[in-house]
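Q: See work.cif below, with mmCIF, C-alpha atoms.
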```cif
data_data
loop_
_atom_site.label_atom_id
_atom_site.label_comp_id
_atom_site.auth_asym_id
_atom_site.auth_seq_id
_atom_site.Cartn_x
_atom_site.Cartn_y
_atom_site.Cartn_z
CA MET A 1 8.46 119.74 134.48
CA ASN A 2 11.88 118.28 135.19
CA ALA A 3 11.65 115.88 138.16
CA GLY A 4 15.32 116.38 139.02
CA ILE A 5 14.83 120.09 139.58
CA PHE A 6 11.71 119.36 141.61
CA SER A 7 13.66 117.07 143.95
CA GLU A 8 16.35 119.70 144.54
CA CYS A 9 13.74 122.24 145.54
CA PHE A 10 12.06 119.77 147.87
CA GLN A 11 15.42 119.12 149.56
CA ARG A 12 15.57 122.80 150.53
CA LYS A 13 12.41 122.49 152.62
CA ALA A 14 12.81 123.11 156.35
CA THR A 15 11.50 120.36 158.58
CA LYS A 16 10.92 120.29 162.29
CA ASN A 17 13.11 117.19 162.58
CA GLN A 18 15.99 118.62 160.57
CA ILE A 19 19.38 117.31 161.71
CA GLY A 20 22.27 119.75 162.03
CA PRO A 21 22.28 123.55 161.81
CA LEU A 22 18.95 125.10 160.92
CA LYS A 23 18.77 127.61 158.11
CA SER A 24 16.81 130.82 157.85
CA THR A 25 13.98 131.11 155.34
CA THR A 26 16.18 133.26 153.12
CA GLU A 27 19.01 130.70 153.22
CA LEU A 28 16.55 127.94 152.31
CA GLY A 29 15.06 130.01 149.52
CA CYS A 30 11.54 128.77 150.18
CA LEU A 31 8.91 128.84 152.92
CA ASP A 32 7.62 125.46 154.10
CA SER A 33 3.82 125.45 154.11
CA SER A 34 3.80 123.74 157.52
CA ARG A 35 5.21 126.92 159.06
CA ILE A 36 2.11 128.97 158.29
CA TYR A 37 0.20 129.84 161.45
CA VAL A 38 -3.53 129.17 161.23
CA GLY A 39 -5.83 130.79 163.80
CA LYS A 40 -9.14 132.57 164.14
CA ARG A 41 -7.92 135.62 162.27
CA PHE A 42 -5.35 133.94 160.05
CA SER A 43 -5.86 131.24 157.45
CA GLU A 44 -3.53 128.89 155.61
CA ALA A 45 -1.95 129.90 152.32
CA SER A 46 -4.32 129.74 149.37
CA SER A 47 -3.37 127.96 146.16
CA GLU A 48 -2.32 131.16 144.37
CA LEU A 49 0.37 131.66 147.03
CA ILE A 50 2.02 128.31 146.31
CA CYS A 51 5.15 128.06 144.18
CA SER A 52 4.58 125.55 141.38
CA ILE A 53 8.20 124.39 141.60
CA CYS A 54 8.73 123.63 145.30
CA GLN A 55 5.03 123.37 146.18
CA ASN A 56 5.55 125.62 149.20
CA VAL A 57 4.54 129.18 150.02
CA LEU A 58 6.11 131.71 147.68
CA TRP A 59 9.21 133.35 149.12
CA LYS A 60 10.34 136.62 147.53
CA PRO A 61 8.27 135.84 144.44
CA ILE A 62 8.94 136.91 140.89
CA ALA A 63 6.74 136.18 137.90
CA CYS A 64 7.06 135.14 134.29
CA THR A 65 6.00 137.86 131.86
CA THR A 66 4.78 135.31 129.32
CA CYS A 67 2.47 133.14 131.45
CA GLU A 68 2.26 135.38 134.55
CA ASN A 69 2.86 132.48 136.94
CA ALA A 70 4.84 133.35 140.08
CA PHE A 71 7.74 131.42 141.61
CA CYS A 72 10.08 131.70 144.58
CA THR A 73 13.12 133.65 143.43
CA GLY A 74 15.41 130.84 144.59
CA CYS A 75 13.35 128.15 142.85
CA ILE A 76 13.21 129.85 139.47
CA GLN A 77 16.92 130.71 139.64
CA THR A 78 17.70 127.03 140.22
CA TRP A 79 15.44 126.17 137.30
CA ILE A 80 17.16 128.70 135.03
CA ASN A 81 20.65 127.60 136.06
CA LYS A 82 19.82 124.12 134.82
CA GLN A 83 19.34 125.61 131.37
CA GLN A 84 22.63 127.47 131.06
CA GLN A 85 23.52 125.62 127.87
CA SER A 86 20.15 126.31 126.26
CA LYS A 87 19.71 129.07 123.70
CA GLN A 88 16.32 129.95 125.13
CA VAL A 89 15.40 129.86 128.82
CA MET A 90 12.08 128.11 129.29
CA CYS A 91 9.61 128.64 132.11
CA PRO A 92 8.37 125.56 134.05
CA PHE A 93 5.16 126.00 132.04
CA ASN A 94 7.03 125.56 128.74
CA CYS A 95 6.98 129.18 127.67
CA THR A 96 9.87 131.58 127.20
CA PHE A 97 10.80 132.90 130.63
CA LYS A 98 11.04 136.64 131.04
CA GLU A 99 11.20 137.95 134.57
CA LYS A 100 8.90 140.60 135.97
CA ARG A 101 7.81 141.73 139.41
CA ALA A 102 5.16 139.69 141.14
CA PRO A 103 1.70 141.30 141.01
CA PRO A 104 1.03 143.71 143.93
CA ILE A 105 -2.08 141.73 144.89
CA LEU A 106 0.11 138.65 145.39
CA ASN A 107 2.47 140.49 147.73
CA SER A 108 -0.54 141.91 149.55
CA LEU A 109 -1.94 138.43 150.18
CA LEU A 110 1.45 137.14 151.32
CA SER A 111 1.80 140.02 153.77
CA LYS A 112 -1.36 138.85 155.54
CA LEU A 113 0.18 135.47 156.42
CA ARG A 114 1.58 134.73 159.86
CA VAL A 115 4.61 132.47 159.97
CA TYR A 116 6.53 130.48 162.59
CA CYS A 117 10.21 131.38 162.84
CA ALA A 118 12.61 129.01 161.07
CA TYR A 119 14.24 128.39 164.46
CA ALA A 120 11.03 127.22 166.15
CA SER A 121 12.50 123.77 166.81
CA ASN A 122 15.32 125.51 168.71
CA GLY A 123 12.77 127.14 171.00
CA CYS A 124 11.69 130.34 169.26
CA GLU A 125 7.98 130.92 169.85
CA GLU A 126 7.62 133.99 167.65
CA ILE A 127 4.82 134.09 165.09
CA LEU A 128 5.60 136.84 162.63
CA SER A 129 4.09 138.56 159.67
CA TYR A 130 5.45 137.41 156.33
CA ASP A 131 7.10 140.81 155.82
CA ALA A 132 8.81 140.79 159.24
CA LEU A 133 10.12 137.24 159.02
CA GLU A 134 13.45 137.88 157.29
CA VAL A 135 14.55 140.68 159.64
CA HIS A 136 13.59 138.65 162.72
CA GLU A 137 15.54 135.58 161.61
CA GLN A 138 18.66 137.66 161.01
CA THR A 139 18.87 138.38 164.74
CA CYS A 140 16.90 135.51 166.31
CA GLN A 141 18.67 134.29 169.45
CA TYR A 142 17.49 130.74 168.77
CA GLU A 143 19.62 130.53 165.64
CA ARG A 144 22.19 128.79 167.81
CA THR A 145 22.54 125.03 167.34
CA PRO A 146 23.79 122.67 170.08
CA CYS A 147 27.32 121.36 169.48
CA GLN A 148 27.02 117.69 168.53
CA ILE A 149 29.76 116.81 171.05
CA CYS A 150 29.28 118.88 174.19
CA GLY A 151 25.84 120.37 173.61
CA THR A 152 26.96 123.98 173.99
CA PRO A 153 24.79 126.30 171.84
CA VAL A 154 26.92 127.49 168.92
CA SER A 155 26.01 130.28 166.53
CA ASN A 156 26.32 129.47 162.85
CA ARG A 157 25.93 133.15 162.07
CA ASN A 158 28.83 134.53 164.12
CA THR A 159 31.89 132.92 162.53
CA SER A 160 34.26 135.18 164.49
CA ASN A 161 33.28 133.40 167.71
CA LYS A 162 34.45 129.90 166.85
CA HIS A 163 33.67 126.92 169.05
CA GLU A 164 37.16 125.44 169.31
CA ALA A 165 38.09 121.89 170.32
CA ARG A 166 39.77 123.07 173.56
CA GLN A 167 36.61 124.89 174.63
CA CYS A 168 34.50 121.89 173.70
CA PHE A 169 36.68 119.46 175.66
CA SER A 170 36.74 121.79 178.68
CA GLU A 171 32.95 121.97 178.65
CA MET A 172 32.68 118.18 178.56
CA TYR A 173 35.17 117.79 181.42
CA ASN A 174 33.38 120.31 183.63
CA ARG A 175 30.09 118.56 183.02
CA ASP A 176 31.25 115.03 183.80
CA PRO A 177 34.97 114.37 184.53
CA ASN A 178 34.35 110.60 184.72
CA GLN A 179 33.26 110.49 181.09
CA THR A 180 36.18 112.50 179.75
CA GLN A 181 37.86 109.61 177.94
CA ALA A 182 34.69 108.56 176.13
CA GLN A 183 33.94 112.15 175.21
CA PHE A 184 37.47 112.69 173.97
CA MET A 185 37.18 109.64 171.71
CA LYS A 186 33.94 111.02 170.32
CA LEU A 187 35.67 114.31 169.59
CA LEU A 188 38.60 112.48 167.99
CA ASP A 189 36.24 110.52 165.72
CA ILE A 190 34.71 113.74 164.44
CA VAL A 191 38.13 115.32 163.86
CA GLU A 192 39.33 112.26 161.93
CA THR A 193 36.16 112.23 159.83
CA SER A 194 36.74 115.88 158.96
CA GLN A 195 40.34 115.16 158.03
CA ARG A 196 39.28 112.34 155.70
CA ARG A 197 36.82 114.66 153.99
CA ILE A 198 39.56 117.26 153.52
CA GLN A 199 41.88 114.64 152.03
CA THR A 200 39.16 113.53 149.62
CA LEU A 201 38.60 117.12 148.51
CA GLU A 202 42.33 117.67 148.07
CA LYS A 203 42.54 114.59 145.85
CA LEU A 204 39.62 115.78 143.75
CA LEU A 205 41.17 119.23 143.41
CA GLY A 206 44.48 117.62 142.47
CA ILE A 207 42.81 115.61 139.72
CA GLU A 208 41.08 118.71 138.35
CA SER A 209 44.31 120.75 138.34
CA GLN A 210 46.12 117.99 136.44
CA GLN A 211 43.37 117.86 133.83
CA ASN A 212 43.56 121.62 133.34
CA GLN A 213 47.32 121.59 132.75
#
```
Reformat the file's structure so that it appears as structure tokens.
A:
Amino acid sequence: MNAGIFSECFQRKATKNQIGPLKSTTELGCLDSSRIYVGKRFSEASSELICSICQNVLWKPIACTTCENAFCTGCIQTWINKQQQSKQVMCPFNCTFKEKRAPPILNSLLSKLRVYCAYASNGCEEILSYDALEVHEQTCQYERTPCQICGTPVSNRNTSNKHEARQCFSEMYNRDPNQTQAQFMKLLDIVETSQRRIQTLEKLLGIESQQNQ
């Protein structure tokens, strides 16, 4: 298998120490094996429930008609996209890839798993069935991530309720007026960093537009 594609899939794994906004299982496209709840009535995922690309628990699996191996939908799509220039799309097991539904027995085994919410590190204590996980994470109140400046929980899902600089600065001032100057400088650093990134993107876009003319 292609090591480059492997590394991309591994980068999508959710970790408990992840920095920045957390992502739902669906956004990640794979289910980290460490999130499987193991108890008296529930066991860890067996080998047949592991995606051979990302080496994690299958998430929304589909199978290859030729070899009948199953993969996470996101993983196999990434794999296929890497072969856009190829005349024939090859499966990770070196056979011609033709998609089919995952076997019912596989989905049945997955449905028996119990999984920690993707926002567990934000405080969510829910342990859900595999089938209920996606719906729960769409509305989980712990999806909010603390603002890196003032610490106010900010939703990454609700883009209509933006956490603006004025609100952020006001929150910092109310919390500790004596530290306002230091906090303002921290905010300014982040704004300037964002502006530099925008300028870099604009330059790149300018270069591309010139090449296309």
Q: Which one is closest to Ala70 in chain A: A:Val38, A:Ala45, A:Gln84, A:Phe97? Count all atoms listed in the file.
A: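 Among the listed residues, A:Phe97 lies closest to Ala70 in chain A.
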Q: Just say which residues the PyMOL selection byres ((chain A and resi 56) around 7) picks in this file, as number ranges by chain.
A: A: 30-33, 50-51, 54-55, 57-58
Q: Tell me, as a list in words, which residues lie within 9 Å of range 109-114 of chain A, counting all atoms listed in the file; anything in the same chain fewer than 6 positions away does not count.
A: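 Result of the neighbour search: Arg35, Ile36, Tyr37, Val38, Phe42, Ser43, Glu44, Ala45, Leu49, Val57, Leu58, Trp59, Ile127, Leu128, Ser129, Tyr130, Asp131, Ala132 and Leu133 of chain A.
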Q: Select, from A:Glu171, A:Cys67, A:Tyr119, A:Ile76, the residue with the minimum atom-to-atom distance to Thr96 in chain A, counting all atoms listed in the file.
A: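 Once distances to Thr96 in chain A are computed over all atoms listed in the file, the minimum belongs to A:Cys67.
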Q: Identify the residues around (9.7, 144.7, 138.1) within a radius of 10 Å, measuring from all atoms listed in the file in the coordinates stated by the file, and give them as an NGL selection string.
A: :A and (62-63 or 65 or 99-103)
Q: When you draw a straight line from CA of Cys150 in chain A to CA of Arg197 in chain A, how long is it in Å?
A: 22.0 Å
